[in-house]
Amino acid sequence: MEGEKMNIRLNCDMGESFGIWKSGNDEALMPYIQMANLACGFHASDPFSMAKSVKLATSYNAEIGAHPSYPDLVGFGRRSMVCSLEEIKSIVIYQMGALDGMCKVFGTKITYVKPHGALYNDMMKDENIFKAVVSAVGAYDANIKLMVLSSTKNEEYANMALSYGVSLLYEVFADRNYNDDGSLVARMKEDAVIKDDLDVLERIRVLKENGFIYSKNGKRLFLKANTICVHSDSENALEFVKSIRKSLD
C-alpha cells in the first residue's frame, strides 16, 4: 500500500563454511543481522560448522532459520536438480531436522525456513515445488514460517501455504534489480545486481518509508517486506551490513 511504513528485519545467508574451507565473515557480521539463515549440509556446512553457527547466532540473539538446498555441494546449491516432489519434501525435512537438532543442544530452535539458491528460485517458479517445500515445513512444525520472494503473487502463495497451516515471511533483495512484473532480473544478465551501495541504501529508505521499489525500467513495485537479504561473502560486506542495519533502525 502506498505510503505504508514497514518494519523490516535484516536476514543473511550464513554458516556456509565446509570442513577446512571458510566462507564469509560470520563472526563480524552476526552482531548486525537479525535473522541468520544457516546452511544445513546440502550446499555448504557440516555438523561441526552448524554447531558453531548456532552457538554464534544464539550469543547475539539472532533468529535462526534453516537454509536447505538441493543436495548439491559441488555446485553450491545453485543448480536445479530433477527431484520428485516427495524427494524435495524429504530433503527439506532432513535438513530442518539436522539444524533444529543442533539448536536444541544450545537451548534454541529454528523459527523459519528459507530455501537456498536453485531450490528457492524453483519454488517461486513452480507451484508444485512450492507445495512440496511448504508441505515439508508444515509436516515438521506448522509454527515454523517459510520465507519467500515478495511479489505480486503474495496473496496466492499465502493461501497455498495456509492450506498446510504455514505462514509466510516476505523477502526483498535490496541489491538486485527487478523486472516490471516483480521478478528478479536473471543473474546471467549484466544489470542483475545493483553495485552502488548508496543506491541500495536509498532503495531501502524508499521501501521502508513508502512501501515500494523501482523496477529497472522505473516502474513502482509495491512489495510487502518483512525482511531484506544481505549476502555475507562480498568484499565490503561488513561495512555494507552496518550501513543497512543503521538505515533499517
# chains A, B, ... in the order shown; residues from 1 in each chain; ligands from 1
>>> residues_around(residues="Lys114 in chain A", least_positions_apart="3", cutoff="8 Å", atoms="only C-alpha atoms", output="PyMOL selection string")
chain A and resi 37+65-68+120+146-148
>>> write_last_selection(atoms="N, CA and C atoms", output="PDB file, in the first residue's frame")
ATOM      1  N   ASN A  37      20.210 -17.173   8.313  1.00  0.00           N
ATOM      2  CA  ASN A  37      19.809 -18.322   7.507  1.00  0.00           C
ATOM      3  C   ASN A  37      21.001 -19.282   7.456  1.00  0.00           C
ATOM      4  N   GLY A  65      17.119 -19.496  11.104  1.00  0.00           N
ATOM      5  CA  GLY A  65      16.312 -20.143  10.078  1.00  0.00           C
ATOM      6  C   GLY A  65      17.114 -21.210   9.369  1.00  0.00           C
ATOM      7  N   ALA A  66      16.441 -22.281   8.966  1.00  0.00           N
ATOM      8  CA  ALA A  66      17.099 -23.315   8.175  1.00  0.00           C
ATOM      9  C   ALA A  66      17.203 -22.849   6.726  1.00  0.00           C
ATOM     10  N   HIS A  67      18.351 -23.145   6.109  1.00  0.00           N
ATOM     11  CA  HIS A  67      18.632 -22.708   4.736  1.00  0.00           C
ATOM     12  C   HIS A  67      18.915 -23.944   3.882  1.00  0.00           C
ATOM     13  N   PRO A  68      17.869 -24.738   3.604  1.00  0.00           N
ATOM     14  CA  PRO A  68      18.064 -26.008   2.894  1.00  0.00           C
ATOM     15  C   PRO A  68      18.207 -25.818   1.391  1.00  0.00           C
ATOM     16  N   TYR A 120      15.193 -22.274  -4.001  1.00  0.00           N
ATOM     17  CA  TYR A 120      14.416 -21.048  -3.759  1.00  0.00           C
ATOM     18  C   TYR A 120      13.801 -20.557  -5.069  1.00  0.00           C
ATOM     19  N   LEU A 146       7.772 -19.935   6.450  1.00  0.00           N
ATOM     20  CA  LEU A 146       8.520 -20.108   5.212  1.00  0.00           C
ATOM     21  C   LEU A 146       8.786 -18.738   4.595  1.00  0.00           C
ATOM     22  N   MET A 147      10.061 -18.458   4.295  1.00  0.00           N
ATOM     23  CA  MET A 147      10.426 -17.192   3.674  1.00  0.00           C
ATOM     24  C   MET A 147      10.363 -17.336   2.156  1.00  0.00           C
ATOM     25  N   VAL A 148       9.687 -16.371   1.507  1.00  0.00           N
ATOM     26  CA  VAL A 148       9.517 -16.408   0.055  1.00  0.00           C
ATOM     27  C   VAL A 148       9.847 -15.047  -0.535  1.00  0.00           C
TER      28      VAL A 148
END
>>> residues_around(residues="range 163-177 of chain A", least_positions_apart="3", cutoff="6 Å", atoms="only C-alpha atoms", output="list of chain:residue names")
A:Ser135, A:Gly138, A:Ala142, A:Lys145, A:Leu146, A:Met147, A:Val148, A:Leu149, A:Ser150, A:Met160, A:Val185, A:Ala192, A:Val193, A:Ile194, A:Val200, A:Lys216, A:Ala225, A:Asn226, A:Thr227, A:Ile228, A:Cys229
>>> select_by_dssp(residues="range 3-225 of chain A", states="helix (DSSP H, G or I)", output="ChimeraX atom specification")
/A:26-32,47-59,85-105,117-125,127-141,154-162,197-210
>>> atom_distance(atom1="CA of Asn143 in chain A", atom2="CA of Ser84 in chain A")
25.4 Å
